[in-house]
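Source file: query09.cif. Holds: mmCIF, C-alpha atoms.
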```
data_entry
#
loop_
_atom_site.label_atom_id
_atom_site.label_comp_id
_atom_site.auth_asym_id
_atom_site.auth_seq_id
_atom_site.Cartn_x
_atom_site.Cartn_y
_atom_site.Cartn_z
CA MET A 1 -89.63 -87.76 191.87
CA LYS A 2 -93.00 -88.74 193.28
CA GLU A 3 -96.01 -90.62 192.09
CA ILE A 4 -99.33 -89.17 193.22
CA MET A 5 -102.26 -91.57 193.22
CA ALA A 6 -105.59 -89.80 193.64
CA ILE A 7 -108.90 -91.66 193.83
CA VAL A 8 -111.77 -89.29 193.10
CA ARG A 9 -115.47 -89.30 192.25
CA MET A 10 -116.32 -90.06 188.59
CA LYS A 11 -118.23 -86.79 188.40
CA LYS A 12 -115.17 -84.85 189.52
CA THR A 13 -112.92 -86.04 186.69
CA GLY A 14 -113.43 -82.82 184.74
CA ALA A 15 -112.89 -80.60 187.75
CA THR A 16 -109.74 -82.52 188.69
CA LYS A 17 -108.33 -82.19 185.18
CA LYS A 18 -109.00 -78.46 185.20
CA ALA A 19 -107.43 -78.08 188.64
CA LEU A 20 -104.31 -79.94 187.48
CA VAL A 21 -103.92 -77.67 184.46
CA ALA A 22 -104.35 -74.63 186.72
CA ALA A 23 -101.69 -76.03 189.05
CA GLY A 24 -99.32 -76.31 186.11
CA VAL A 25 -99.23 -80.10 185.82
CA ALA A 26 -101.19 -81.21 182.81
CA GLY A 27 -99.94 -84.79 182.45
CA PHE A 28 -101.73 -87.68 184.07
CA THR A 29 -103.00 -91.22 183.56
CA ALA A 30 -106.51 -92.09 184.64
CA ILE A 31 -108.34 -95.38 184.92
CA ARG A 32 -111.79 -96.43 186.05
CA VAL A 33 -111.71 -98.37 189.31
CA LEU A 34 -114.12 -99.57 191.98
CA GLY A 35 -113.50 -98.52 195.53
CA ARG A 36 -114.78 -98.35 199.06
CA GLY A 37 -113.54 -96.54 202.11
CA LYS A 38 -113.25 -97.37 205.76
CA LEU A 39 -116.46 -97.95 207.71
CA VAL A 40 -118.26 -94.74 208.57
CA THR A 41 -119.21 -94.75 212.24
CA ASP A 42 -120.52 -91.21 212.50
CA SER A 43 -124.26 -91.90 212.88
CA LYS A 44 -125.29 -88.32 212.17
CA THR A 45 -123.71 -88.29 208.70
CA LEU A 46 -125.14 -91.72 207.99
CA GLU A 47 -128.67 -90.69 208.98
CA GLU A 48 -128.49 -87.61 206.77
CA CYS A 49 -127.32 -89.67 203.80
CA ARG A 50 -129.98 -92.26 204.45
CA ALA A 51 -132.79 -89.72 204.54
CA LYS A 52 -131.54 -88.09 201.34
CA LEU A 53 -131.22 -91.40 199.48
CA LEU A 54 -134.60 -92.66 200.67
CA ALA A 55 -136.28 -89.46 199.50
CA MET A 56 -134.65 -89.91 196.10
CA GLY A 57 -135.68 -93.53 195.75
CA MET A 58 -139.35 -93.24 196.66
CA ASP A 59 -141.76 -93.49 193.73
CA ASP A 60 -145.00 -95.25 192.90
CA PHE A 61 -143.42 -98.23 191.13
CA THR A 62 -140.74 -99.45 193.47
CA ASP A 63 -141.44 -101.47 196.55
CA ALA A 64 -140.51 -99.43 199.64
CA GLY A 65 -138.77 -102.46 201.15
CA ASP A 66 -136.53 -102.82 198.08
CA THR A 67 -135.52 -99.18 198.23
CA GLU A 68 -134.73 -99.49 201.90
CA LYS A 69 -132.63 -102.61 201.31
CA LEU A 70 -130.71 -100.87 198.51
CA VAL A 71 -130.09 -97.75 200.59
CA THR A 72 -128.86 -99.89 203.47
CA SER A 73 -126.45 -101.70 201.16
CA PHE A 74 -125.18 -98.30 199.99
CA LEU A 75 -124.37 -97.20 203.51
CA ASP A 76 -123.15 -100.31 205.31
CA GLY A 77 -119.73 -100.05 203.68
CA SER A 78 -119.78 -103.34 201.78
CA ARG A 79 -120.58 -101.94 198.35
CA PHE A 80 -117.97 -100.78 195.84
CA PHE A 81 -118.55 -97.50 194.02
CA PRO A 82 -117.09 -96.40 190.68
CA ARG A 83 -114.19 -94.01 191.07
CA ARG A 84 -111.48 -92.52 188.88
CA LEU A 85 -107.86 -93.26 189.77
CA PHE A 86 -105.45 -90.53 188.65
CA THR A 87 -101.75 -91.27 188.49
CA ILE A 88 -99.54 -88.22 188.27
CA LEU A 89 -95.75 -88.11 188.16
CA ALA A 90 -94.31 -84.98 189.71
CA HIS A 91 -91.14 -83.29 190.90
CA ASP A 92 -90.79 -83.29 194.69
CA GLU A 93 -91.37 -79.54 195.01
CA ASP A 94 -94.64 -79.65 193.03
CA VAL A 95 -96.29 -82.25 195.26
CA PRO A 96 -97.89 -79.92 197.88
CA ARG A 97 -99.32 -77.71 195.10
CA ILE A 98 -100.88 -80.68 193.31
CA ILE A 99 -102.36 -82.14 196.48
CA GLU A 100 -103.84 -78.79 197.40
CA ALA A 101 -105.35 -78.45 193.89
CA ILE A 102 -106.87 -81.94 193.90
CA THR A 103 -108.26 -81.51 197.40
CA ARG A 104 -109.85 -78.17 196.56
CA ALA A 105 -111.45 -79.53 193.39
CA ASN A 106 -112.83 -82.67 195.01
CA ARG A 107 -114.22 -81.68 198.41
CA THR A 108 -118.01 -81.88 198.61
CA GLU A 109 -120.54 -81.11 201.31
CA TYR A 110 -121.25 -84.81 201.89
CA GLY A 111 -118.28 -85.28 204.19
CA ILE A 112 -117.65 -88.86 203.09
CA GLY A 113 -116.59 -90.60 199.89
CA ASP A 114 -114.55 -87.79 198.40
CA GLY A 115 -111.53 -90.04 197.90
CA ALA A 116 -107.93 -90.23 198.99
CA ILE A 117 -104.51 -89.13 197.77
CA PHE A 118 -101.39 -91.26 198.15
CA VAL A 119 -97.86 -90.01 197.55
CA MET A 120 -95.24 -92.61 196.67
CA PRO A 121 -91.55 -92.42 195.86
CA ILE A 122 -90.44 -93.29 192.31
CA GLU A 123 -86.96 -94.65 191.60
CA ASP A 124 -86.60 -93.63 187.99
CA ALA A 125 -88.58 -92.60 184.93
CA ALA A 126 -87.83 -92.64 181.21
CA ARG A 127 -89.32 -90.78 178.28
CA VAL A 128 -89.81 -93.17 175.39
CA ARG A 129 -89.62 -90.50 172.67
CA THR A 130 -86.20 -89.12 173.59
CA GLY A 131 -84.74 -91.71 175.93
CA GLU A 132 -84.27 -89.11 178.70
CA THR A 133 -84.29 -90.54 182.22
CA GLY A 134 -84.68 -89.22 185.76
CA GLU A 135 -86.16 -85.82 186.55
CA ALA A 136 -85.92 -84.73 182.88
CA ALA A 137 -88.38 -87.44 181.88
CA ILE A 138 -91.20 -85.96 183.97
CA TRP A 139 -91.48 -82.57 182.28
CA MET B 1 -97.91 -96.43 205.27
CA LEU B 2 -97.65 -99.19 202.73
CA LEU B 3 -99.47 -99.80 199.46
CA ILE B 4 -100.46 -103.41 199.00
CA ARG B 5 -101.22 -104.47 195.46
CA ALA B 6 -102.74 -107.92 195.26
CA ILE B 7 -103.42 -109.58 191.92
CA VAL B 8 -105.99 -112.33 192.49
CA ARG B 9 -108.36 -114.50 190.53
CA PRO B 10 -111.59 -112.60 189.70
CA GLU B 11 -113.67 -115.44 191.14
CA LYS B 12 -111.79 -115.12 194.45
CA LYS B 13 -112.07 -111.35 194.86
CA ASP B 14 -115.37 -111.37 196.75
CA GLU B 15 -114.07 -113.89 199.25
CA VAL B 16 -110.81 -111.99 199.75
CA LEU B 17 -112.56 -108.64 200.17
CA ALA B 18 -115.16 -110.04 202.58
CA GLU B 19 -112.41 -111.62 204.68
CA LEU B 20 -110.43 -108.35 204.72
CA SER B 21 -113.52 -106.38 205.63
CA SER B 22 -114.36 -108.63 208.56
CA ALA B 23 -110.78 -108.26 209.80
CA GLY B 24 -111.26 -104.47 209.87
CA PHE B 25 -109.73 -103.54 206.51
CA ASN B 26 -112.80 -102.29 204.70
CA ALA B 27 -111.15 -99.70 202.50
CA ALA B 28 -109.97 -101.03 199.15
CA THR B 29 -109.84 -100.18 195.48
CA MET B 30 -110.15 -102.80 192.80
CA VAL B 31 -109.77 -102.85 189.06
CA ASP B 32 -110.06 -105.57 186.44
CA VAL B 33 -106.77 -106.24 184.70
CA VAL B 34 -105.26 -108.80 182.35
CA GLY B 35 -101.85 -110.32 182.72
CA ARG B 36 -99.59 -113.31 182.48
CA GLY B 37 -97.03 -114.84 184.79
CA LYS B 38 -93.94 -116.99 184.75
CA GLN B 39 -95.79 -119.78 182.95
CA LYS B 40 -96.18 -117.50 179.89
CA GLY B 41 -99.95 -117.82 179.94
CA ILE B 42 -101.89 -121.02 179.41
CA LYS B 43 -101.83 -123.26 176.38
CA ILE B 44 -105.12 -124.91 175.52
CA GLY B 45 -104.98 -127.02 172.39
CA GLY B 46 -102.86 -125.01 169.98
CA MET B 47 -103.95 -121.66 171.43
CA VAL B 48 -101.82 -119.70 173.88
CA TYR B 49 -103.78 -117.39 176.18
CA ASP B 50 -101.45 -114.83 177.68
CA GLU B 51 -103.93 -112.14 178.66
CA ILE B 52 -105.57 -113.85 181.58
CA PRO B 53 -108.21 -111.82 183.44
CA LYS B 54 -107.33 -110.98 187.05
CA THR B 55 -108.48 -108.49 189.65
CA LEU B 56 -106.02 -106.00 191.11
CA ILE B 57 -106.83 -104.98 194.68
CA LEU B 58 -105.15 -101.84 196.03
CA MET B 59 -105.01 -101.14 199.75
CA VAL B 60 -103.05 -98.62 201.79
CA VAL B 61 -102.45 -99.74 205.38
CA PRO B 62 -100.27 -98.68 208.31
CA ASP B 63 -96.86 -100.44 208.36
CA GLU B 64 -97.74 -102.63 211.35
CA GLU B 65 -100.89 -104.02 209.68
CA LYS B 66 -99.04 -105.30 206.61
CA GLU B 67 -98.43 -108.83 207.89
CA LYS B 68 -102.09 -109.27 208.78
CA VAL B 69 -103.39 -108.12 205.37
CA VAL B 70 -100.84 -110.14 203.42
CA LYS B 71 -101.65 -113.25 205.45
CA ILE B 72 -105.40 -112.88 204.83
CA VAL B 73 -104.90 -112.45 201.09
CA LEU B 74 -102.46 -115.37 200.91
CA GLU B 75 -104.85 -117.65 202.73
CA THR B 76 -108.09 -116.72 200.97
CA ALA B 77 -106.84 -116.20 197.41
CA ARG B 78 -105.18 -119.61 197.22
CA THR B 79 -107.03 -122.37 195.38
CA GLY B 80 -106.79 -125.91 196.69
CA THR B 81 -104.55 -126.80 199.62
CA GLU B 82 -101.28 -126.56 197.69
CA GLY B 83 -102.20 -123.53 195.57
CA THR B 84 -102.18 -123.48 191.78
CA PHE B 85 -100.43 -121.53 189.03
CA GLY B 86 -102.39 -118.34 188.47
CA ASP B 87 -103.44 -117.70 192.05
CA GLY B 88 -101.76 -114.31 191.88
CA LYS B 89 -99.14 -112.12 193.51
CA ILE B 90 -98.86 -109.51 196.21
CA PHE B 91 -96.62 -106.46 195.92
CA VAL B 92 -95.89 -104.09 198.78
CA SER B 93 -94.50 -100.61 198.21
CA PRO B 94 -93.92 -97.60 200.45
CA VAL B 95 -96.34 -94.66 200.59
CA GLU B 96 -94.93 -91.43 201.97
CA GLU B 97 -98.03 -89.35 202.49
CA VAL B 98 -101.77 -90.03 202.65
CA TYR B 99 -104.54 -87.44 202.47
CA THR B 100 -108.27 -87.89 202.95
CA ILE B 101 -110.08 -85.41 200.73
CA SER B 102 -113.44 -85.24 202.51
CA ARG B 103 -111.89 -84.32 205.84
CA ASN B 104 -109.05 -82.35 204.24
CA THR B 105 -106.61 -84.02 206.62
CA LYS B 106 -103.40 -85.95 206.42
CA GLY B 107 -103.67 -89.64 207.19
CA LEU B 108 -106.02 -92.49 206.45
#
```

Final structure tokens representation of the file:
Amino acid sequence: MKEIMAIVRMKKTGATKKALVAAGVAGFTAIRVLGRGKLVTDSKTLEECRAKLLAMGMDDFTDAGDTEKLVTSFLDGSRFFPRRLFTILAHDEDVPRIIEAITRANRTEYGIGDGAIFVMPIEDAARVRTGETGEAAIW
Amino acid sequence: MLLIRAIVRPEKKDEVLAELSSAGFNAATMVDVVGRGKQKGIKIGGMVYDEIPKTLILMVVPDEEKEKVVKIVLETARTGTEGTFGDGKIFVSPVEEVYTISRNTKGL
């Protein structure tokens, strides 16, 4: 019995749900969280992101300095971004399949901020409806 | 790897996270929760409040960094010199595998 905790982009919630159904595990719990990752030190990726964000934020109404400040705060690693935290209970043998499905559904071309997956052991589980415990309670 | 779940006062979260970040633990997930502790909530007048707002901070760190993170949270999340009821709790649980989606690799 394993608990899979996957933190993904808000926008990828639908894709993740679809991928889970395709992988044969439909059950999950999801909550809205705020998250940030480790500091990105790759200056090339950062520059690319910066240019893209600056281009998006430039208009006739906003002060260029404000936009620049905002973009800097986006990229210096101190800001928390909204993410979706999926919690999935699974049998041991299903874990690699689920991880593969989540990874495939969530990778983007940005190279950063796609989230993380944690696999944790679970001692026991119980199904409230029937009172079943252990492996039988998962599916 | 270990998962550290810290339940702290919402007004302390910024301080705790800033302290963790400056110690090199930038990555964290947080979520607003409600809860009560051993004191069964707080009683003000005739009203019992047992859904007290807290912030849950989730961090996954290598085993050897646990002590450092726990110490930082303990020191910064405490109110006053003695600490007060409601300052929160820290739970540590094992994590078997970690994957980073953007790099499609195993590990943090």

Reference answer for the PyMOL selection byres ((chain B and resi 70) around 12), as a PyMOL selection string: chain B and resi 2-7+16+19-20+23+25+57-61+63-69+71-77+89-92

Among the residues B:Ile44, B:Thr29, B:Pro62, B:Val8, the one that comes closest to Val95 (chain B) [using only C-alpha atoms]: B:Pro62

Please build the interface table for chain B against chain A with a cut-off of 7 Å, listing for each qualifying residue the nearest atom pair and the distance in Å to one decimal; count only C-alpha atoms, order rows by chain and increasing number, and write it as a Markdown table.
```
| residue | atom | partner | partner_atom | distance |
| --- | --- | --- | --- | --- |
| B:Asn26 | CA | A:Lys38 | CA | 5.1 |
| B:Ala27 | CA | A:Gly37 | CA | 4.0 |
| B:Ala28 | CA | A:Arg36 | CA | 5.5 |
| B:Thr29 | CA | A:Gly35 | CA | 4.0 |
| B:Met30 | CA | A:Leu34 | CA | 5.2 |
| B:Val31 | CA | A:Val33 | CA | 4.9 |
| B:Pro94 | CA | A:Met120 | CA | 6.4 |
| B:Val95 | CA | A:Met120 | CA | 4.6 |
| B:Glu96 | CA | A:Met120 | CA | 5.4 |
| B:Glu97 | CA | A:Val119 | CA | 5.0 |
| B:Val98 | CA | A:Phe118 | CA | 4.7 |
| B:Tyr99 | CA | A:Ile117 | CA | 5.0 |
| B:Thr100 | CA | A:Ala116 | CA | 4.6 |
| B:Ile101 | CA | A:Thr103 | CA | 5.4 |
| B:Ser102 | CA | A:Asp114 | CA | 5.0 |
| B:Arg103 | CA | A:Gly111 | CA | 6.7 |
| B:Asn104 | CA | A:Thr103 | CA | 6.9 |
```

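As for CA of Ser73 (chain A) and CA of Leu54 (chain A), they are spaced 12.2 Å apart.
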
Given all atoms listed in the file as the counted atoms, nearest of B:Ile52, B:Thr79, B:Leu17, B:Arg9 to Arg36 (chain B):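 Of B:Ile52, B:Thr79, B:Leu17, B:Arg9, the one nearest Arg36 (chain B) is B:Ile52, counting all atoms listed in the file.
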
Matched chain/residue IDs from the PyMOL selection byres ((chain B and resi 87) around 6), as an MDAnalysis selection string: chainID B and resid 8 78 84:86 88

Point-to-point distance from CA of Lys38 (chain B) to CA of Ala18 (chain B), Å rounded to tenths: 28.6 Å

Two-atom distance - CA of Phe28 (chain A), CA of Ala90 (chain A) (Å): 9.7 Å

Protein, DNA and RNA residues within 7 Å of (-101.7, -77.1, 195.7), all atoms listed in the file, as a PyMOL selection string: chain A and resi 23+96-101

Just so I have it separately, write region 32-108 of chain B from the block I sent, keeping C-alpha atoms, as an mmCIF file, in the first residue's frame.
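That gives us part32.cif:
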```
data_model
loop_
_atom_site.group_PDB
_atom_site.id
_atom_site.type_symbol
_atom_site.label_atom_id
_atom_site.label_comp_id
_atom_site.auth_asym_id
_atom_site.auth_seq_id
_atom_site.Cartn_x
_atom_site.Cartn_y
_atom_site.Cartn_z
ATOM 1 C CA ASP B 32 -4.595 26.793 5.025
ATOM 2 C CA VAL B 33 -6.209 24.349 7.422
ATOM 3 C CA VAL B 34 -8.334 24.426 10.560
ATOM 4 C CA GLY B 35 -7.784 22.288 13.597
ATOM 5 C CA ARG B 36 -7.752 21.903 17.329
ATOM 6 C CA GLY B 37 -5.288 20.464 19.792
ATOM 7 C CA LYS B 38 -5.103 18.930 23.223
ATOM 8 C CA GLN B 39 -6.734 21.990 24.775
ATOM 9 C CA LYS B 40 -9.955 21.207 22.856
ATOM 10 C CA GLY B 41 -9.969 24.593 21.174
ATOM 11 C CA ILE B 42 -10.312 27.915 22.944
ATOM 12 C CA LYS B 43 -13.179 29.077 25.101
ATOM 13 C CA ILE B 44 -13.987 32.761 24.872
ATOM 14 C CA GLY B 45 -16.958 33.784 26.967
ATOM 15 C CA GLY B 46 -19.455 30.976 26.534
ATOM 16 C CA MET B 47 -18.278 30.153 23.000
ATOM 17 C CA VAL B 48 -15.920 27.277 22.253
ATOM 18 C CA TYR B 49 -13.839 27.713 19.101
ATOM 19 C CA ASP B 50 -12.476 24.370 18.016
ATOM 20 C CA GLU B 51 -11.750 25.085 14.369
ATOM 21 C CA ILE B 52 -8.746 27.313 14.762
ATOM 22 C CA PRO B 53 -7.099 28.491 11.529
ATOM 23 C CA LYS B 54 -3.540 27.241 11.006
ATOM 24 C CA THR B 55 -1.154 26.890 8.093
ATOM 25 C CA LEU B 56 0.178 23.471 7.141
ATOM 26 C CA ILE B 57 3.645 23.569 5.589
ATOM 27 C CA LEU B 58 4.807 20.490 3.677
ATOM 28 C CA MET B 59 8.469 19.939 2.887
ATOM 29 C CA VAL B 60 10.369 16.927 1.604
ATOM 30 C CA VAL B 61 14.043 16.928 2.604
ATOM 31 C CA PRO B 62 16.942 14.458 2.613
ATOM 32 C CA ASP B 63 17.191 12.454 5.877
ATOM 33 C CA GLU B 64 20.308 14.283 7.067
ATOM 34 C CA GLU B 65 18.670 17.729 6.753
ATOM 35 C CA LYS B 66 15.745 16.860 9.017
ATOM 36 C CA GLU B 67 17.287 18.146 12.250
ATOM 37 C CA LYS B 68 18.121 21.487 10.667
ATOM 38 C CA VAL B 69 14.613 22.070 9.265
ATOM 39 C CA VAL B 70 12.866 20.966 12.449
ATOM 40 C CA LYS B 71 15.104 23.230 14.529
ATOM 41 C CA ILE B 72 14.368 26.257 12.320
ATOM 42 C CA VAL B 73 10.619 25.673 12.488
ATOM 43 C CA LEU B 74 10.704 25.102 16.255
ATOM 44 C CA GLU B 75 12.633 28.294 16.826
ATOM 45 C CA THR B 76 10.731 30.620 14.488
ATOM 46 C CA ALA B 77 7.172 29.340 14.950
ATOM 47 C CA ARG B 78 7.266 29.691 18.735
ATOM 48 C CA THR B 79 5.585 32.731 20.266
ATOM 49 C CA GLY B 80 7.157 34.330 23.313
ATOM 50 C CA THR B 81 10.191 32.825 25.011
ATOM 51 C CA GLU B 82 8.323 29.938 26.640
ATOM 52 C CA GLY B 83 5.973 29.191 23.739
ATOM 53 C CA THR B 84 2.187 29.216 23.985
ATOM 54 C CA PHE B 85 -0.649 26.764 23.423
ATOM 55 C CA GLY B 86 -1.487 26.798 19.737
ATOM 56 C CA ASP B 87 2.017 27.302 18.381
ATOM 57 C CA GLY B 88 1.637 24.111 16.374
ATOM 58 C CA LYS B 89 3.165 20.708 15.746
ATOM 59 C CA ILE B 90 5.681 19.069 13.461
ATOM 60 C CA PHE B 91 5.221 15.585 12.045
ATOM 61 C CA VAL B 92 7.927 13.683 10.184
ATOM 62 C CA SER B 93 7.137 10.703 7.983
ATOM 63 C CA PRO B 94 9.172 8.604 5.550
ATOM 64 C CA VAL B 95 9.043 9.157 1.786
ATOM 65 C CA GLU B 96 10.214 6.251 -0.340
ATOM 66 C CA GLU B 97 10.521 7.822 -3.761
ATOM 67 C CA VAL B 98 10.639 11.367 -5.122
ATOM 68 C CA TYR B 99 10.209 12.399 -8.752
ATOM 69 C CA THR B 100 10.640 15.818 -10.334
ATOM 70 C CA ILE B 101 8.206 16.123 -13.217
ATOM 71 C CA SER B 102 9.891 18.881 -15.231
ATOM 72 C CA ARG B 103 13.184 17.014 -15.460
ATOM 73 C CA ASN B 104 11.512 13.596 -15.555
ATOM 74 C CA THR B 105 14.055 12.329 -13.046
ATOM 75 C CA LYS B 106 14.068 10.581 -9.723
ATOM 76 C CA GLY B 107 15.096 12.716 -6.770
ATOM 77 C CA LEU B 108 14.509 16.214 -5.502
#
```
